[in-house]
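Okay, work_19.txt is below, compact mmCIF, C-alpha atoms and all ligand atoms:
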```
# COMPACT_ATOMS: atom_id res chain seq x y z
CA MET T 1 81.22 97.25 108.07
CA ASP T 2 78.56 94.53 108.21
CA GLN T 3 78.03 94.74 104.47
CA LYS T 4 81.76 94.47 103.76
CA TRP T 5 82.20 91.71 106.35
CA ASN T 6 79.56 89.75 104.42
CA GLY T 7 79.04 87.04 107.01
CA GLY T 8 82.75 86.46 107.55
CA THR T 9 84.19 86.48 104.04
CA ASN T 10 85.11 90.19 104.28
CA ASN T 11 84.67 90.52 100.53
CA GLY T 12 81.32 92.31 100.41
CA ILE T 13 80.75 95.69 98.80
CA SER T 14 78.97 98.12 101.10
CA ARG T 15 76.33 100.51 99.79
CA LEU T 16 78.69 103.33 100.71
CA ALA T 17 81.55 101.80 98.74
CA SER T 18 79.34 101.05 95.76
CA CYS T 19 77.91 104.57 95.65
CA THR T 20 81.30 106.24 96.15
CA ASN T 21 82.84 104.02 93.48
CA THR T 22 80.26 105.36 91.03
CA TYR T 23 81.10 109.01 91.57
CA ALA T 24 84.59 109.51 93.04
CA THR T 25 87.46 109.75 90.55
CA GLN T 26 90.15 111.80 92.29
CA ASN T 27 92.21 112.04 95.51
CA PHE T 28 91.80 108.42 96.56
CA GLN T 29 94.79 108.23 98.89
CA PRO T 30 95.34 109.67 102.35
CA VAL T 31 98.46 111.78 102.73
CA TRP T 32 100.21 109.21 104.97
CA TYR T 33 99.62 106.33 102.53
CA GLN T 34 102.63 104.62 100.95
CA GLY T 35 101.16 101.38 99.58
CA PRO T 36 100.26 100.46 96.01
CA PRO T 37 98.22 103.12 94.21
CA VAL T 38 94.54 103.34 95.15
CA THR T 39 92.74 103.51 91.84
CA ASN T 40 89.03 103.70 92.54
CA GLY T 41 86.36 104.74 95.00
CA LEU T 42 85.74 101.19 96.19
CA GLU T 43 89.34 100.72 97.29
CA ALA T 44 89.40 104.22 98.77
CA THR T 45 86.23 103.61 100.80
CA ASN T 46 87.57 100.34 102.19
CA LEU T 47 90.87 102.04 103.04
CA ALA T 48 89.07 104.93 104.73
CA MET T 49 86.85 102.64 106.79
CA ASP T 50 89.86 100.61 107.91
CA GLN T 51 91.52 103.88 108.85
CA PHE T 52 88.48 104.97 110.90
CA THR T 53 88.64 101.67 112.71
CA GLN T 54 92.28 102.38 113.53
CA LEU T 55 91.51 105.91 114.76
CA ILE T 56 88.53 104.84 116.85
CA ARG T 57 90.63 102.04 118.32
CA ASP T 58 93.45 104.46 119.13
CA ASN T 59 90.98 106.84 120.74
CA GLY T 60 89.28 104.06 122.70
CA PHE T 61 92.56 102.72 124.03
CA ARG T 62 93.74 106.25 124.83
CA LEU T 63 96.57 106.05 122.35
CA ALA T 64 95.48 109.41 120.94
CA SER T 65 94.95 112.73 122.69
CA PRO T 66 91.40 113.04 124.05
CA ALA T 67 88.94 114.15 121.40
CA LYS T 68 87.38 117.55 122.05
CA ILE T 69 84.45 119.33 120.50
CA ASP T 70 85.16 123.04 120.33
CA TYR T 71 82.90 125.65 118.84
CA SER T 72 83.52 128.69 116.73
CA ILE T 73 81.20 131.14 115.02
CA PRO T 74 82.76 132.01 111.67
CA SER T 75 82.26 134.99 109.41
CA PRO T 76 80.22 134.74 107.29
CA VAL T 77 78.21 132.74 109.76
CA THR T 78 77.30 129.90 107.39
CA SER T 79 80.82 129.45 106.05
CA SER T 80 81.59 126.51 108.34
CA THR T 81 79.60 123.62 109.80
CA ILE T 82 81.85 120.88 111.27
CA ARG T 83 85.58 121.26 110.75
CA GLY T 84 88.38 118.75 111.22
CA GLU T 85 92.01 119.13 110.21
CA THR T 86 93.75 116.87 107.72
CA SER T 87 95.98 114.45 109.63
CA PHE T 88 99.37 113.50 108.30
CA THR T 89 99.83 110.35 110.37
CA GLN T 90 98.09 106.99 110.30
CA THR T 91 97.76 106.47 114.03
CA ARG T 92 97.19 108.39 117.26
CA VAL T 93 94.97 111.03 115.72
CA ALA T 94 92.56 112.82 118.07
CA LEU T 95 89.05 112.83 116.62
CA SER T 96 88.43 116.47 117.58
CA PHE T 97 86.01 118.78 115.80
CA VAL T 98 85.19 122.45 115.67
CA ILE T 99 81.46 122.93 115.24
CA ASN T 100 79.53 126.04 114.28
CA PRO T 101 76.61 126.22 116.74
CA ILE T 102 74.69 128.64 114.52
CA GLN T 103 74.55 126.02 111.75
CA LEU T 104 73.50 123.32 114.21
CA ASP T 105 70.68 125.54 115.44
CA ARG T 106 69.26 126.05 111.95
CA GLY T 107 65.97 124.17 112.11
CA GLU T 108 65.78 123.48 108.39
CA LEU T 109 69.00 121.45 108.33
CA THR T 110 68.59 117.74 108.93
CA ASN T 111 70.66 115.26 110.89
CA ILE T 112 71.78 113.57 107.68
CA THR T 113 73.25 116.90 106.57
CA PHE T 114 75.28 117.03 109.77
CA SER T 115 76.23 113.37 109.33
CA GLY T 116 77.70 114.24 105.94
CA SER T 117 79.52 117.24 107.35
CA MET T 118 80.95 115.15 110.19
CA PHE T 119 81.96 112.37 107.82
CA HIS T 120 83.82 114.89 105.66
CA ALA T 121 85.64 116.16 108.77
CA TRP T 122 86.45 112.57 109.75
CA LEU T 123 87.87 111.88 106.30
CA HIS T 124 90.25 114.78 106.91
CA HIS T 125 91.30 113.13 110.18
CA ALA T 126 91.83 109.93 108.20
CA GLY T 127 94.25 111.83 105.97
CA PHE T 128 92.16 112.64 102.90
CA GLN T 129 92.37 116.07 101.36
CA ASP T 130 90.09 118.59 99.67
CA PRO T 131 89.03 120.02 97.22
CA LYS T 132 85.53 119.49 98.50
CA THR T 133 83.86 119.47 95.10
CA THR T 134 82.37 116.99 92.66
CA SER T 135 84.45 113.89 91.79
CA TYR T 136 86.84 114.11 94.76
CA PHE T 137 86.68 111.22 97.20
CA ILE T 138 86.39 113.44 100.28
CA SER T 139 83.20 114.93 98.84
CA GLU T 140 81.61 112.05 97.00
CA ALA T 141 81.72 109.62 99.96
CA PRO T 142 79.90 112.01 102.35
CA MET T 143 77.49 113.04 99.60
CA CYS T 144 76.58 109.37 99.17
CA VAL T 145 75.70 109.27 102.87
CA MET T 146 73.63 112.46 102.52
CA ARG T 147 71.70 110.98 99.57
CA SER T 148 71.16 107.71 101.47
CA TYR T 149 73.30 106.05 98.75
CA GLN T 150 70.86 106.98 95.97
CA ILE T 151 71.97 108.14 92.54
CA LYS T 152 72.38 111.83 91.86
CA THR T 153 69.49 113.78 90.41
CA PRO T 154 69.49 117.18 88.64
CA THR T 155 67.11 118.60 91.25
CA SER T 156 69.71 118.15 94.02
CA PRO T 157 73.00 119.63 92.78
CA ASP T 158 76.22 118.66 94.53
CA SER T 159 76.79 122.23 95.70
CA GLY T 160 73.72 121.92 97.92
CA PHE T 161 75.55 119.16 99.78
CA TYR T 162 79.19 120.21 99.80
CA GLN T 163 78.33 123.70 101.08
CA PHE T 164 78.26 121.95 104.48
CA PHE T 165 81.81 120.63 104.16
CA ASP T 166 84.79 122.45 105.63
ZN ZN T 201 87.37 119.71 103.66
```

Could you write out this file's structure as structure tokens?
Amino acid sequence: MDQKWNGGTNNGISRLASCTNTYATQNFQPVWYQGPPVTNGLEATNLAMDQFTQLIRDNGFRLASPAKIDYSIPSPVTSSTIRGETSFTQTRVALSFVINPIQLDRGELTNITFSGSMFHAWLHHAGFQDPKTTSYFISEAPMCVMRSYQIKTPTSPDSGFYQFFD
């Protein structure tokens, strides 16, 4: 937000938006969206971050149902990490999650992995849809977070990241 705000001009390009713009080519629009077509990852990132602001505002002002964190142990046990449902409305969306405690207890997984998984779940709440594979906005934006906005390298295939998306 600070990077986009750019000292008050609100025309900056965040590292997240820049990275996502490089890699995302599909599914730029949330399901509730009815404006002019969103044609690239930069526009999609800005739209998504505005939508998060709306959802966090709604939650803070109690305009949405209280957010809950439930847990569920799936089968197979690593088939889910942090799950959020795709929302079909622009406002009053509860920011609830279902987490898999077995995944969270795995010592070899890092916080940035969980950040990516949570961001993917949040993008569902913001109205963005799977598939959760290469080139789709709902994958590329969280993968940019998980790579700390660095470029992709052959030694870290996308599947190693999006395996933690639900
Ligand atoms: Zn998903």

Check: Which protein, DNA or RNA residues have an atom within 8 Å of ligand ZN 201 (chain T), counting all atoms listed in the file, as a ChimeraX atom specification?
Finding: /T:83-84,120-121,124,129-132,138-139,165-166

Margin query: Report, in Å with one decimal, the straight-line distance from CA of Ala64 (chain T) to CA of Glu85 (chain T).
Written below: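 Interatomic distance here is 14.9 Å.
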
Check: What is the distance between CA of Gln90 (chain T) and CA of Phe119 (chain T), in Å to one decimal?
Finding: 17.2 Å

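Proximity to Asn100 (chain T) was assessed for T:Gly12, T:Gly116, T:Pro74, T:Pro37 counting all atoms listed in the file; the smallest distance is recorded for T:Pro74.
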
Closest-contact table, region 17-127 of chain T side, partner region 141-146 of chain T, 8 Å, counting only C-alpha atoms, as a tab-separated table:
```
residue	atom	partner	partner_atom	distance
T:Ala17	CA	T:Ala141	CA	7.9
T:Cys19	CA	T:Cys144	CA	6.1
T:Thr20	CA	T:Ala141	CA	5.1
T:Ala24	CA	T:Ala141	CA	7.5
T:Thr45	CA	T:Ala141	CA	7.6
T:Ile112	CA	T:Met146	CA	5.6
T:Thr113	CA	T:Met146	CA	6.0
T:Ser115	CA	T:Met146	CA	7.3
T:Gly116	CA	T:Pro142	CA	4.8
T:Ser117	CA	T:Pro142	CA	7.2
T:Phe119	CA	T:Pro142	CA	5.9
T:His120	CA	T:Pro142	CA	5.9
```

Checklist line | Among listed residues T:Thr78, T:Asn21, T:Ser135, T:Ser14, nearest Asp158 (chain T) (using all atoms listed in the file) | finding: T:Ser135

Note to self: So, with only C-alpha atoms as the atoms that count, which of T:Pro66, T:Gly127, T:Gly107, T:Pro157 lies closest to Thr91 (chain T)?
What the structure shows: T:Gly127

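Here CA of Lys152 (chain T) and CA of Leu16 (chain T) stand 13.8 Å from one another.
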
Item checked: Proximity to Arg147 (chain T) - best of T:Tyr33, T:Ile82, T:Ser65, T:Arg15, all atoms listed in the file -> T:Arg15

Checklist line | Shortest interatomic distance to Asp105 (chain T) - which of T:Val38, T:Ile151, T:Leu47, T:Val77, counting only C-alpha atoms | finding: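 Closest candidate: T:Val77.
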
Size and centre in Å, one decimal, axis-aligned box, all listed region 64-74 of chain T atoms plus 4 Å per side, as AutoDock Vina command-line options:
```
--center_x 88.3 --center_y 120.7 --center_z 117.9 --size_x 22.3 --size_y 30.6 --size_z 20.4
```

Residues at most 12 Å from Asn11 (chain T), counting only C-alpha atoms, excluding those fewer than 3 positions away in the same chain, as a PDB file with C-alpha atoms, in the frame of the given file?
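Ended up saving to out_16.pdb:
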```pdb
ATOM      1  CA  MET T   1      81.220  97.250 108.070  1.00  0.00           C
ATOM      2  CA  ASP T   2      78.560  94.530 108.210  1.00  0.00           C
ATOM      3  CA  GLN T   3      78.030  94.740 104.470  1.00  0.00           C
ATOM      4  CA  LYS T   4      81.760  94.470 103.760  1.00  0.00           C
ATOM      5  CA  TRP T   5      82.200  91.710 106.350  1.00  0.00           C
ATOM      6  CA  ASN T   6      79.560  89.750 104.420  1.00  0.00           C
ATOM      7  CA  GLY T   7      79.040  87.040 107.010  1.00  0.00           C
ATOM      8  CA  GLY T   8      82.750  86.460 107.550  1.00  0.00           C
ATOM      9  CA  SER T  14      78.970  98.120 101.100  1.00  0.00           C
ATOM     10  CA  ALA T  17      81.550 101.800  98.740  1.00  0.00           C
ATOM     11  CA  LEU T  42      85.740 101.190  96.190  1.00  0.00           C
ATOM     12  CA  GLU T  43      89.340 100.720  97.290  1.00  0.00           C
ATOM     13  CA  ASN T  46      87.570 100.340 102.190  1.00  0.00           C
TER      14      ASN T  46
END
```

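When the distance limit is 8 Å and all atoms listed in the file are what count, the residues near Ala48 (chain T), minus those fewer than 3 positions from it on the same chain, are Ala44, Thr45, Gln51, Phe52, Leu123 and Ala126 of chain T.
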
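Each of T:Val93, T:Leu104, T:Ile99, T:Ile73 was checked against Thr53 (chain T) using all atoms listed in the file; the smallest atom-to-atom distance is that of T:Val93.
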